[in-house]
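One file, entry_32.cif, is given below (mmCIF, C-alpha atoms).
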data_query
loop_
_atom_site.label_atom_id
_atom_site.label_comp_id
_atom_site.auth_asym_id
_atom_site.auth_seq_id
_atom_site.Cartn_x
_atom_site.Cartn_y
_atom_site.Cartn_z
CA MET X 1 -134.80 7.74 -34.75
CA ASP X 2 -137.32 8.45 -31.94
CA GLY X 3 -139.25 11.72 -31.80
CA THR X 4 -137.47 13.22 -28.78
CA THR X 5 -134.02 12.67 -30.29
CA LEU X 6 -135.17 14.14 -33.60
CA ALA X 7 -136.64 17.20 -31.84
CA LEU X 8 -133.40 17.80 -29.93
CA LEU X 9 -131.45 17.44 -33.18
CA GLY X 10 -133.81 19.93 -34.80
CA PHE X 11 -133.27 22.50 -32.03
CA ALA X 12 -129.51 22.01 -32.21
CA SER X 13 -129.56 22.53 -35.99
CA LEU X 14 -131.72 25.61 -35.59
CA PHE X 15 -129.41 27.20 -33.04
CA LEU X 16 -126.44 26.44 -35.31
CA LEU X 17 -128.13 28.18 -38.26
CA LEU X 18 -129.03 31.17 -36.10
CA PHE X 19 -125.45 31.34 -34.86
CA MET X 20 -124.40 31.44 -38.53
CA ARG X 21 -126.67 34.53 -38.92
CA MET X 22 -129.31 32.87 -41.08
CA PRO X 23 -132.63 34.80 -40.82
CA VAL X 24 -134.88 33.36 -38.12
CA GLY X 25 -137.82 32.64 -40.41
CA THR X 26 -135.69 30.94 -43.06
CA ALA X 27 -133.86 28.82 -40.48
CA MET X 28 -137.08 27.63 -38.82
CA MET X 29 -138.70 26.81 -42.17
CA LEU X 30 -135.65 24.87 -43.35
CA VAL X 31 -135.26 22.84 -40.14
CA GLY X 32 -139.01 22.29 -39.82
CA ALA X 33 -139.39 21.08 -43.41
CA ALA X 34 -136.37 18.77 -43.10
CA GLY X 35 -137.69 17.38 -39.81
CA ILE X 36 -141.17 16.71 -41.22
CA TRP X 37 -139.58 14.98 -44.23
CA MET X 38 -137.61 12.69 -41.90
CA ILE X 39 -140.81 11.72 -40.04
CA ARG X 40 -143.34 11.71 -42.87
CA PRO X 41 -141.70 12.29 -46.27
CA PRO X 42 -144.94 12.70 -48.27
CA ALA X 43 -146.20 15.37 -45.83
CA ALA X 44 -143.21 17.74 -46.03
CA LEU X 45 -144.16 19.75 -49.12
CA PRO X 46 -147.93 19.93 -48.40
CA VAL X 47 -147.28 21.08 -44.82
CA VAL X 48 -144.84 23.81 -45.86
CA ALA X 49 -147.17 25.08 -48.61
CA GLY X 50 -150.23 24.83 -46.37
CA GLU X 51 -148.71 26.69 -43.44
CA ILE X 52 -147.35 29.49 -45.65
CA PHE X 53 -150.69 29.91 -47.43
CA GLY X 54 -152.61 29.67 -44.15
CA GLU X 55 -150.62 32.43 -42.46
CA ALA X 56 -150.41 34.62 -45.57
CA SER X 57 -154.22 34.57 -45.77
CA ASN X 58 -154.73 34.91 -42.00
CA TYR X 59 -157.01 37.95 -41.65
CA PRO X 60 -155.93 38.92 -38.08
CA LEU X 61 -152.36 39.38 -39.33
CA THR X 62 -153.44 42.44 -41.32
CA ILE X 63 -153.17 44.25 -38.00
CA LEU X 64 -149.37 44.22 -38.27
CA PRO X 65 -148.84 46.24 -41.48
CA MET X 66 -151.59 48.68 -40.42
CA PHE X 67 -150.02 49.50 -37.08
CA ILE X 68 -146.52 49.58 -38.59
CA LEU X 69 -147.83 52.02 -41.21
CA MET X 70 -149.37 54.14 -38.46
CA GLY X 71 -146.07 54.33 -36.60
CA ASN X 72 -144.14 55.25 -39.74
CA LEU X 73 -146.64 58.00 -40.58
CA ALA X 74 -146.30 59.35 -37.03
CA GLY X 75 -142.56 59.59 -37.59
CA VAL X 76 -142.63 61.51 -40.89
CA SER X 77 -145.51 63.77 -39.80
CA GLY X 78 -143.61 65.03 -36.77
CA MET X 79 -146.14 63.70 -34.23
CA SER X 80 -143.36 61.87 -32.38
CA ARG X 81 -141.49 65.16 -32.00
CA ASP X 82 -144.65 66.84 -30.70
CA LEU X 83 -145.04 64.18 -28.04
CA TYR X 84 -141.50 64.68 -26.80
CA ASP X 85 -141.89 68.47 -26.84
CA ALA X 86 -145.02 68.24 -24.69
CA ALA X 87 -143.30 65.96 -22.18
CA HIS X 88 -140.27 68.26 -22.28
CA ALA X 89 -142.41 71.32 -21.59
CA TRP X 90 -143.92 69.75 -18.46
CA LEU X 91 -140.94 67.80 -17.10
CA GLY X 92 -137.89 69.56 -18.56
CA ARG X 93 -137.29 71.91 -15.63
CA LEU X 94 -137.16 69.04 -13.12
CA ARG X 95 -133.78 67.49 -12.43
CA GLY X 96 -133.56 64.50 -14.74
CA GLY X 97 -136.60 65.87 -16.56
CA LEU X 98 -135.19 65.46 -20.06
CA ALA X 99 -134.54 61.76 -19.46
CA SER X 100 -138.03 61.39 -17.97
CA ALA X 101 -139.49 63.19 -20.99
CA THR X 102 -137.66 60.70 -23.20
CA ILE X 103 -139.33 57.81 -21.37
CA MET X 104 -142.73 59.49 -21.73
CA GLY X 105 -142.08 60.15 -25.41
CA CYS X 106 -141.07 56.53 -26.00
CA ALA X 107 -144.21 55.32 -24.21
CA GLY X 108 -146.42 57.53 -26.35
CA PHE X 109 -144.71 56.62 -29.61
CA SER X 110 -144.91 52.93 -28.63
CA ALA X 111 -148.69 53.31 -28.53
CA LEU X 112 -148.53 54.06 -32.26
CA SER X 113 -145.69 51.96 -33.62
CA GLY X 114 -145.65 48.67 -31.66
CA SER X 115 -141.91 48.36 -32.35
CA SER X 116 -139.14 48.70 -29.78
CA LEU X 117 -136.42 49.42 -32.32
CA ALA X 118 -138.54 52.09 -34.03
CA ALA X 119 -139.32 53.75 -30.69
CA ALA X 120 -135.65 53.82 -29.64
CA LEU X 121 -134.51 55.08 -33.04
CA THR X 122 -137.18 57.76 -33.48
CA MET X 123 -137.17 59.16 -29.96
CA GLY X 124 -133.39 58.84 -29.69
CA ARG X 125 -132.88 61.15 -32.65
CA VAL X 126 -135.21 63.67 -31.04
CA SER X 127 -134.11 63.53 -27.39
CA LEU X 128 -130.39 62.72 -27.42
CA PRO X 129 -129.26 66.10 -28.84
CA GLU X 130 -131.26 67.87 -26.11
CA MET X 131 -129.73 65.80 -23.31
CA GLN X 132 -126.24 66.27 -24.73
CA ARG X 133 -126.89 70.00 -25.04
CA TYR X 134 -127.56 70.21 -21.29
CA ARG X 135 -124.59 67.94 -20.48
CA TYR X 136 -126.48 64.89 -19.26
CA HIS X 137 -124.26 61.94 -18.41
CA ASP X 138 -123.88 59.73 -21.48
CA GLY X 139 -124.88 56.59 -19.56
CA LEU X 140 -128.11 58.12 -18.25
CA ALA X 141 -129.05 59.67 -21.61
CA THR X 142 -128.42 56.60 -23.76
CA GLY X 143 -129.72 54.19 -21.11
CA ALA X 144 -133.04 56.08 -20.94
CA ILE X 145 -133.43 55.91 -24.73
CA ALA X 146 -132.56 52.21 -24.94
CA ALA X 147 -134.86 51.29 -22.04
CA GLY X 148 -137.69 53.57 -23.16
CA GLY X 149 -137.64 51.97 -26.58
CA THR X 150 -138.35 48.56 -25.09
CA LEU X 151 -141.85 49.76 -24.19
CA GLY X 152 -142.68 49.29 -27.88
CA ILE X 153 -143.41 45.57 -27.47
CA LEU X 154 -145.42 45.97 -24.26
CA ILE X 155 -147.63 49.02 -24.74
CA PRO X 156 -150.30 48.27 -27.36
CA PRO X 157 -150.30 47.99 -30.30
CA SER X 158 -147.48 45.51 -29.78
CA ALA X 159 -146.09 43.38 -32.60
CA GLY X 160 -144.91 40.96 -29.91
CA PHE X 161 -148.45 40.51 -28.62
CA VAL X 162 -149.78 39.98 -32.14
CA VAL X 163 -147.27 37.19 -32.82
CA TYR X 164 -147.91 35.68 -29.37
CA ALA X 165 -151.68 35.77 -30.00
CA ILE X 166 -151.30 34.04 -33.37
CA LEU X 167 -149.09 31.32 -31.87
CA THR X 168 -151.29 30.69 -28.82
CA GLU X 169 -154.66 31.43 -30.48
CA GLU X 170 -155.48 33.99 -27.80
CA SER X 171 -157.41 37.22 -28.38
CA ILE X 172 -155.28 40.05 -29.78
CA GLY X 173 -157.61 42.62 -28.22
CA GLN X 174 -157.37 41.07 -24.77
CA LEU X 175 -153.58 40.89 -25.00
CA PHE X 176 -153.46 44.55 -26.02
CA MET X 177 -155.57 45.49 -23.00
CA ALA X 178 -153.41 43.29 -20.76
CA GLY X 179 -150.37 45.35 -21.76
CA VAL X 180 -151.83 48.77 -20.88
CA LEU X 181 -151.50 48.83 -17.07
CA PRO X 182 -148.13 46.97 -17.03
CA GLY X 183 -146.89 49.40 -19.70
CA LEU X 184 -147.93 52.42 -17.64
CA MET X 185 -146.46 50.83 -14.52
CA LEU X 186 -143.14 50.15 -16.24
CA THR X 187 -143.06 53.71 -17.59
CA ALA X 188 -143.49 54.99 -14.02
CA LEU X 189 -140.80 52.61 -12.75
CA PHE X 190 -138.36 53.88 -15.40
CA ILE X 191 -139.01 57.48 -14.34
CA LEU X 192 -138.56 56.42 -10.71
CA ALA X 193 -135.20 54.88 -11.68
CA ILE X 194 -134.13 58.19 -13.26
CA TRP X 195 -135.08 60.12 -10.14
CA ALA X 196 -133.15 57.65 -7.98
CA ILE X 197 -130.05 58.00 -10.20
CA VAL X 198 -130.23 61.79 -10.11
CA LEU X 199 -130.86 61.85 -6.36
CA ARG X 200 -127.72 59.81 -5.81
CA ASN X 201 -125.59 61.58 -8.46
CA PRO X 202 -127.04 65.04 -9.22
CA GLU X 203 -124.19 65.81 -11.64
CA ARG X 204 -125.51 63.16 -14.06
CA ALA X 205 -128.47 65.42 -14.93
CA PRO X 206 -127.66 69.13 -14.55
CA ARG X 207 -130.66 71.34 -13.89
CA ILE X 208 -131.85 73.40 -16.86
CA PRO X 209 -131.13 77.12 -16.30
CA PRO X 210 -134.13 79.29 -15.32
CA GLY X 211 -136.13 80.48 -18.29
CA GLU X 212 -135.15 77.53 -20.49
CA GLY X 213 -137.09 74.37 -21.19
CA ASP X 214 -140.53 75.70 -20.17
CA GLY X 215 -141.62 76.49 -23.71
CA ASN X 216 -145.28 77.15 -24.23
CA ARG X 217 -146.86 74.29 -22.32
CA LEU X 218 -150.33 74.86 -23.68
CA ARG X 219 -149.13 75.08 -27.28
CA ALA X 220 -146.93 71.97 -26.91
CA THR X 221 -149.78 70.04 -25.30
CA LEU X 222 -152.21 71.05 -28.04
CA ARG X 223 -149.77 70.01 -30.78
CA ALA X 224 -149.42 66.62 -29.09
CA GLY X 225 -153.21 66.35 -29.07
CA TRP X 226 -153.16 64.69 -32.51
CA ILE X 227 -151.13 61.70 -31.40
CA VAL X 228 -152.88 61.48 -28.01
CA GLY X 229 -156.24 61.55 -29.74
CA ILE X 230 -155.32 58.70 -32.08
CA ILE X 231 -154.00 56.63 -29.18
CA VAL X 232 -157.11 57.19 -27.05
CA LEU X 233 -159.43 56.46 -29.97
CA THR X 234 -157.74 53.20 -31.02
CA ILE X 235 -157.07 51.74 -27.57
CA GLY X 236 -160.30 53.09 -26.09
CA GLY X 237 -162.28 51.74 -29.03
CA ILE X 238 -160.87 48.25 -28.49
CA TYR X 239 -161.60 48.37 -24.74
CA THR X 240 -165.18 49.59 -25.13
CA GLY X 241 -165.92 47.13 -27.91
CA ILE X 242 -166.71 49.83 -30.47
CA PHE X 243 -164.39 48.11 -32.91
CA SER X 244 -161.99 45.17 -32.98
CA ALA X 245 -158.20 45.37 -32.74
CA ILE X 246 -157.98 44.85 -36.53
CA GLU X 247 -160.45 47.65 -37.21
CA ALA X 248 -158.58 49.88 -34.75
CA ALA X 249 -155.39 49.34 -36.75
CA GLY X 250 -157.07 50.46 -39.97
CA ILE X 251 -158.70 53.48 -38.31
CA GLY X 252 -155.43 54.50 -36.65
CA ALA X 253 -153.46 54.25 -39.89
CA PHE X 254 -156.14 56.26 -41.73
CA LEU X 255 -156.14 59.02 -39.09
CA ALA X 256 -152.34 59.14 -39.06
CA ALA X 257 -152.40 59.59 -42.86
CA ILE X 258 -154.96 62.42 -42.52
CA VAL X 259 -152.79 64.22 -39.94
CA THR X 260 -149.73 63.75 -42.15
CA ALA X 261 -151.60 65.27 -45.09
CA ILE X 262 -152.90 68.20 -43.02
CA ARG X 263 -149.34 68.98 -41.97
CA GLY X 264 -148.15 68.93 -45.57
CA LYS X 265 -145.85 65.95 -44.99
CA LEU X 266 -147.61 63.53 -47.33
CA THR X 267 -145.09 64.17 -50.09
CA TRP X 268 -144.04 61.59 -52.66
CA PRO X 269 -140.58 60.99 -51.08
CA ASN X 270 -142.26 60.51 -47.68
CA ILE X 271 -144.84 58.14 -49.14
CA VAL X 272 -142.10 56.04 -50.72
CA GLU X 273 -140.14 56.02 -47.44
CA VAL X 274 -143.18 55.07 -45.34
CA VAL X 275 -144.45 52.34 -47.68
CA THR X 276 -140.98 50.84 -48.14
CA ALA X 277 -140.33 50.74 -44.38
CA THR X 278 -143.77 49.24 -43.74
CA LEU X 279 -143.34 46.52 -46.36
CA ARG X 280 -139.87 45.67 -45.13
CA SER X 281 -140.93 45.37 -41.47
CA SER X 282 -144.13 43.48 -42.29
CA GLY X 283 -142.30 41.07 -44.59
CA THR X 284 -139.77 40.28 -41.88
CA VAL X 285 -142.50 39.42 -39.35
CA TYR X 286 -144.49 37.38 -41.87
CA LEU X 287 -141.41 35.34 -42.81
CA ILE X 288 -140.78 34.62 -39.12
CA LEU X 289 -144.37 33.44 -38.70
CA PHE X 290 -144.21 31.24 -41.81
CA GLY X 291 -141.13 29.52 -40.43
CA ALA X 292 -142.58 29.34 -36.92
CA PHE X 293 -145.66 27.43 -37.98
CA VAL X 294 -143.69 24.97 -40.12
CA PHE X 295 -141.33 24.40 -37.19
CA LYS X 296 -144.30 24.16 -34.79
CA THR X 297 -145.81 21.39 -36.93
CA PHE X 298 -142.50 19.51 -36.90
CA ILE X 299 -142.33 19.78 -33.10
CA GLY X 300 -145.90 18.48 -32.89
CA PHE X 301 -144.97 15.46 -35.05
CA THR X 302 -142.09 14.57 -32.71
CA GLY X 303 -144.35 14.41 -29.64
CA ILE X 304 -141.74 16.12 -27.44
CA THR X 305 -144.26 18.58 -25.97
CA TYR X 306 -146.40 15.71 -24.71
CA SER X 307 -143.35 14.01 -23.21
CA LEU X 308 -142.27 17.23 -21.49
CA SER X 309 -145.75 17.82 -20.06
CA LEU X 310 -145.79 14.28 -18.65
CA TRP X 311 -142.34 14.83 -17.10
CA VAL X 312 -143.41 18.10 -15.49
CA ASP X 313 -146.55 16.45 -14.14
CA ALA X 314 -144.53 13.56 -12.74
CA GLN X 315 -142.20 15.95 -10.88
CA GLY X 316 -145.15 17.54 -9.10
CA PHE X 317 -144.15 21.12 -9.97
CA THR X 318 -146.76 23.81 -9.32
CA GLY X 319 -147.86 26.16 -12.06
CA MET X 320 -146.12 29.10 -10.39
CA GLN X 321 -142.82 27.20 -10.15
CA VAL X 322 -142.95 26.30 -13.84
CA VAL X 323 -143.80 29.90 -14.82
CA ILE X 324 -140.87 31.29 -12.81
CA ALA X 325 -138.52 28.71 -14.32
CA PHE X 326 -139.57 29.60 -17.87
CA LEU X 327 -139.27 33.34 -17.22
CA ALA X 328 -135.73 32.80 -15.93
CA ILE X 329 -134.92 30.86 -19.10
CA PHE X 330 -136.32 33.67 -21.27
CA ILE X 331 -134.20 36.27 -19.47
CA VAL X 332 -131.05 34.22 -20.03
CA LEU X 333 -131.91 33.47 -23.67
CA GLY X 334 -132.52 37.17 -24.21
CA MET X 335 -128.84 37.83 -23.59
CA PHE X 336 -127.94 35.86 -26.72
CA MET X 337 -130.98 35.78 -29.04
CA ASP X 338 -133.44 38.16 -30.66
CA GLY X 339 -136.76 38.46 -28.82
CA PHE X 340 -138.88 37.39 -31.79
CA ALA X 341 -136.71 34.31 -32.23
CA ILE X 342 -137.25 33.37 -28.57
CA LEU X 343 -140.98 33.97 -28.90
CA VAL X 344 -141.55 31.76 -31.92
CA LEU X 345 -139.13 29.09 -30.73
CA THR X 346 -140.39 28.63 -27.19
CA VAL X 347 -144.14 29.31 -27.22
CA PRO X 348 -144.99 26.05 -29.10
CA LEU X 349 -143.04 24.16 -26.42
CA VAL X 350 -144.19 26.12 -23.39
CA GLN X 351 -147.93 26.37 -24.02
CA PRO X 352 -148.73 22.60 -23.86
CA ILE X 353 -146.81 22.41 -20.56
CA ILE X 354 -148.27 25.35 -18.64
CA GLU X 355 -151.89 25.39 -19.87
CA PRO X 356 -152.76 22.06 -18.20
CA LEU X 357 -151.38 23.54 -14.96
CA GLY X 358 -154.09 26.20 -15.04
CA ILE X 359 -151.88 29.11 -16.10
CA ASP X 360 -153.64 32.01 -17.81
CA MET X 361 -151.87 32.45 -21.15
CA ILE X 362 -152.66 36.18 -21.30
CA TRP X 363 -151.11 36.78 -17.87
CA PHE X 364 -148.10 34.67 -18.86
CA GLY X 365 -147.80 36.48 -22.18
CA VAL X 366 -147.42 39.87 -20.50
CA MET X 367 -144.58 38.61 -18.30
CA MET X 368 -142.94 36.86 -21.23
CA VAL X 369 -142.96 40.08 -23.25
CA ILE X 370 -141.34 41.98 -20.36
CA ALA X 371 -138.68 39.25 -20.13
CA LEU X 372 -138.06 39.70 -23.86
CA GLU X 373 -137.82 43.46 -23.27
CA MET X 374 -135.02 42.77 -20.80
CA GLY X 375 -133.18 40.90 -23.54
CA LEU X 376 -133.37 43.97 -25.81
CA ILE X 377 -130.99 45.81 -23.46
CA SER X 378 -129.05 42.87 -21.98
CA PRO X 379 -125.41 42.32 -22.97
CA PRO X 380 -123.93 41.00 -25.15
CA VAL X 381 -126.67 41.18 -27.85
CA GLY X 382 -128.99 43.99 -26.65
CA LEU X 383 -130.40 45.15 -29.99
CA ASN X 384 -131.72 48.43 -28.58
CA VAL X 385 -128.27 49.21 -27.22
CA PHE X 386 -126.75 48.88 -30.68
CA VAL X 387 -129.54 51.04 -32.15
CA VAL X 388 -128.66 53.76 -29.63
CA LYS X 389 -124.98 53.28 -30.40
CA GLY X 390 -125.78 54.10 -34.03
CA ILE X 391 -127.40 57.35 -32.90
CA ALA X 392 -124.58 58.18 -30.47
CA PRO X 393 -121.37 56.94 -32.16
CA GLY X 394 -119.22 58.96 -29.78
CA VAL X 395 -120.51 57.14 -26.68
CA PRO X 396 -118.61 53.92 -25.82
CA LEU X 397 -120.70 50.76 -25.90
CA ALA X 398 -119.63 49.93 -22.34
CA THR X 399 -121.06 53.27 -21.14
CA ILE X 400 -124.44 52.52 -22.74
CA PHE X 401 -124.57 49.05 -21.18
CA ARG X 402 -123.72 50.48 -17.76
CA GLY X 403 -126.49 53.01 -18.19
CA ILE X 404 -129.20 50.40 -18.78
CA TRP X 405 -128.84 48.42 -15.54
CA PRO X 406 -131.15 50.55 -13.33
CA PHE X 407 -133.86 50.14 -15.96
CA TRP X 408 -133.16 46.40 -16.32
CA PHE X 409 -133.79 45.90 -12.62
CA MET X 410 -137.01 47.89 -12.89
CA MET X 411 -138.17 45.42 -15.55
CA LEU X 412 -137.38 42.58 -13.17
CA LEU X 413 -139.38 44.36 -10.46
CA ALA X 414 -142.29 44.71 -12.89
CA ILE X 415 -142.31 40.95 -13.52
CA LEU X 416 -142.26 40.26 -9.78
CA LEU X 417 -145.17 42.66 -9.21
CA ILE X 418 -147.25 41.01 -11.95
CA LEU X 419 -146.39 37.59 -10.53
CA ALA X 420 -147.59 38.71 -7.11
CA PHE X 421 -150.58 40.72 -8.35
CA PRO X 422 -151.96 39.15 -11.58
CA GLY X 423 -154.74 41.75 -11.64
CA ILE X 424 -152.24 44.30 -12.97
CA ALA X 425 -152.33 42.42 -16.27
CA LEU X 426 -155.79 40.86 -16.11
CA LEU X 427 -157.99 43.72 -14.87
CA LEU X 428 -158.61 45.41 -18.24
CA PRO X 429 -159.00 42.20 -20.31
CA SER X 430 -161.57 40.90 -17.79
CA THR X 431 -163.64 44.11 -17.90
CA MET X 432 -163.42 45.01 -21.61
CA PHE X 433 -166.55 44.89 -23.73
CA GLY X 434 -166.99 42.75 -26.82
#

Would you write the structure of this file as structure tokens?
Amino acid sequence: MDGTTLALLGFASLFLLLFMRMPVGTAMMLVGAAGIWMIRPPAALPVVAGEIFGEASNYPLTILPMFILMGNLAGVSGMSRDLYDAAHAWLGRLRGGLASATIMGCAGFSALSGSSLAAALTMGRVSLPEMQRYRYHDGLATGAIAAGGTLGILIPPSAGFVVYAILTEESIGQLFMAGVLPGLMLTALFILAIWAIVLRNPERAPRIPPGEGDGNRLRATLRAGWIVGIIVLTIGGIYTGIFSAIEAAGIGAFLAAIVTAIRGKLTWPNIVEVVTATLRSSGTVYLILFGAFVFKTFIGFTGITYSLSLWVDAQGFTGMQVVIAFLAIFIVLGMFMDGFAILVLTVPLVQPIIEPLGIDMIWFGVMMVIALEMGLISPPVGLNVFVVKGIAPGVPLATIFRGIWPFWFMMLLAILLILAFPGIALLLPSTMFG
């Protein structure tokens, strides 16, 4: 059996296993090991063992559990609530202000957790009762939470960027910096979408009565100073070259633990909850990476990436045409597959095709992550939508999906802007120190 046929058979088998709900990492490891055995039987076991050991001992991957720990500590310490309260105090009185505060809260929490699902779950529990209290339309309220949560894999520290960096051998620090301006831009676009919705249908976001929602702005802002300080220190330290992305993760987790202790939240039940959640999330990502590298080796043995690159070269496609085609494929795949699955499945195929065309992998990575964000709220899978459904069981699923479309189109606009103006993604990585 030739390599191309075997690779296609491997992809078909993988999609079948994923359709049967087998975990992504397990499915990729199984198909990859079987494929390597069919090509080079003596190499199957050494490759599987070598890839697992290599990734398990990969020092840069320690960044994942550290940032996940930091996000979990921010949740139990109440820092996520403080961030929402500060945004609420400044924006709450504006029409649509509670939804805008939710977006701001999700953006801030994303800068600690790096997880879209965690951002949607944590900020949803905080903000949804407030929006329901003031009779916000269910579609706007839940749509803002689901969309805001997607910022978790774009705004650093992003687990998506870490996995992408490991797969492409790019700099984690540069990818983090590349996500800052697009993350801020997308946050602003989401708020713009809320204002447009409210301008067209004012009844979707009733104005808060006078005297309510102001709170003590100074007090709320000062309480949010803990989380803002940690974010500025970690991201600013990476940008200025004071410490690496890995060191920033350790420093951030340590500071989050100190704040948790100061607030009296570092109790034994909270420690057990935080450590368990961190181990569970880290283990899931590590298993995906183990499987991804075994599968990547199998794909390399088949030679299909070389054949595809030759075909693309023969067609005379430009780099921009190929990038747009791949982004369109990612958006469609996002409607049916988990974002991490798409990332680890496609990057080993895509990179050998677009790099020879002169495409900057950091620039491409930012757009790919936004395309994966779109999948998090796209029907019929839309993981963030189902997370929000768990928080708001009384809201029909169809209402939540209708509420996400304005934000979905803003993500598409963000991709188009980065396509047209690459400097949005590349300015900070090109000027960072170290």

request  = Run through the PyMOL selection byres ((chain X and resi 417-422) around 10) on the given coordinates and return the selected residues as a ChimeraX atom specification.
outcome  = /X:182,185,320,323-324,360,363-364,366-367,411-416,423-427

Notebook entry, point to check: By how many Å are CA of Arg223 (chain X) and CA of Ala159 (chain X) apart?
Noted result: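 Distance between the two atoms: 26.9 Å.
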
Could you build a table of the residues in region 142-225 of chain X lying no more than 12 Å from region 272-288 of chain X, giving for each the nearest pair of atoms and their separation in Å rounded to one decimal place, using only C-alpha atoms, ordered by chain and ascending residue number, as a Markdown table?
| residue | atom | partner | partner_atom | distance |
| --- | --- | --- | --- | --- |
| X:Ala159 | CA | X:Val285 | CA | 8.6 |
| X:Gly160 | CA | X:Val285 | CA | 9.9 |
| X:Val162 | CA | X:Val285 | CA | 10.3 |
| X:Val163 | CA | X:Val285 | CA | 8.4 |
| X:Tyr164 | CA | X:Val285 | CA | 12.0 |
| X:Ile166 | CA | X:Tyr286 | CA | 11.4 |
| X:Leu167 | CA | X:Ile288 | CA | 11.5 |

Selection to disk with C-alpha atoms, as a CSV table (one decimal), keeping the file's coordinate frame:
chain,number,residue,atom,x,y,z
X,159,ALA,CA,-146.1,43.4,-32.6
X,160,GLY,CA,-144.9,41.0,-29.9
X,162,VAL,CA,-149.8,40.0,-32.1
X,163,VAL,CA,-147.3,37.2,-32.8
X,164,TYR,CA,-147.9,35.7,-29.4
X,166,ILE,CA,-151.3,34.0,-33.4
X,167,LEU,CA,-149.1,31.3,-31.9

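Here CA of Ala147 (chain X) is placed at a distance of 10.0 Å from CA of Met410 (chain X).
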
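Of the residues under consideration (X:Thr4, X:Ser244, X:Thr142, X:Gln174), X:Thr142 shows the shortest atom-to-atom contact distance to Lys389 (chain X) when counting only C-alpha atoms.
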
For Pro352 (chain X), the closest of X:Ser378, X:Thr168, X:Thr221, X:Asn270 counting only C-alpha atoms is X:Thr168

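Counting from CA of Ile227 (chain X), the distance to CA of Ala188 (chain X) is 20.1 Å.
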
Residues returned when the PyMOL selection byres ((chain X and resi 385) around 10) runs on this file, as an NGL selection string
:X and (117 or 120 or 142-143 or 145-147 or 149 or 376-384 or 386-391 or 397-398 or 400-401 or 403-404)
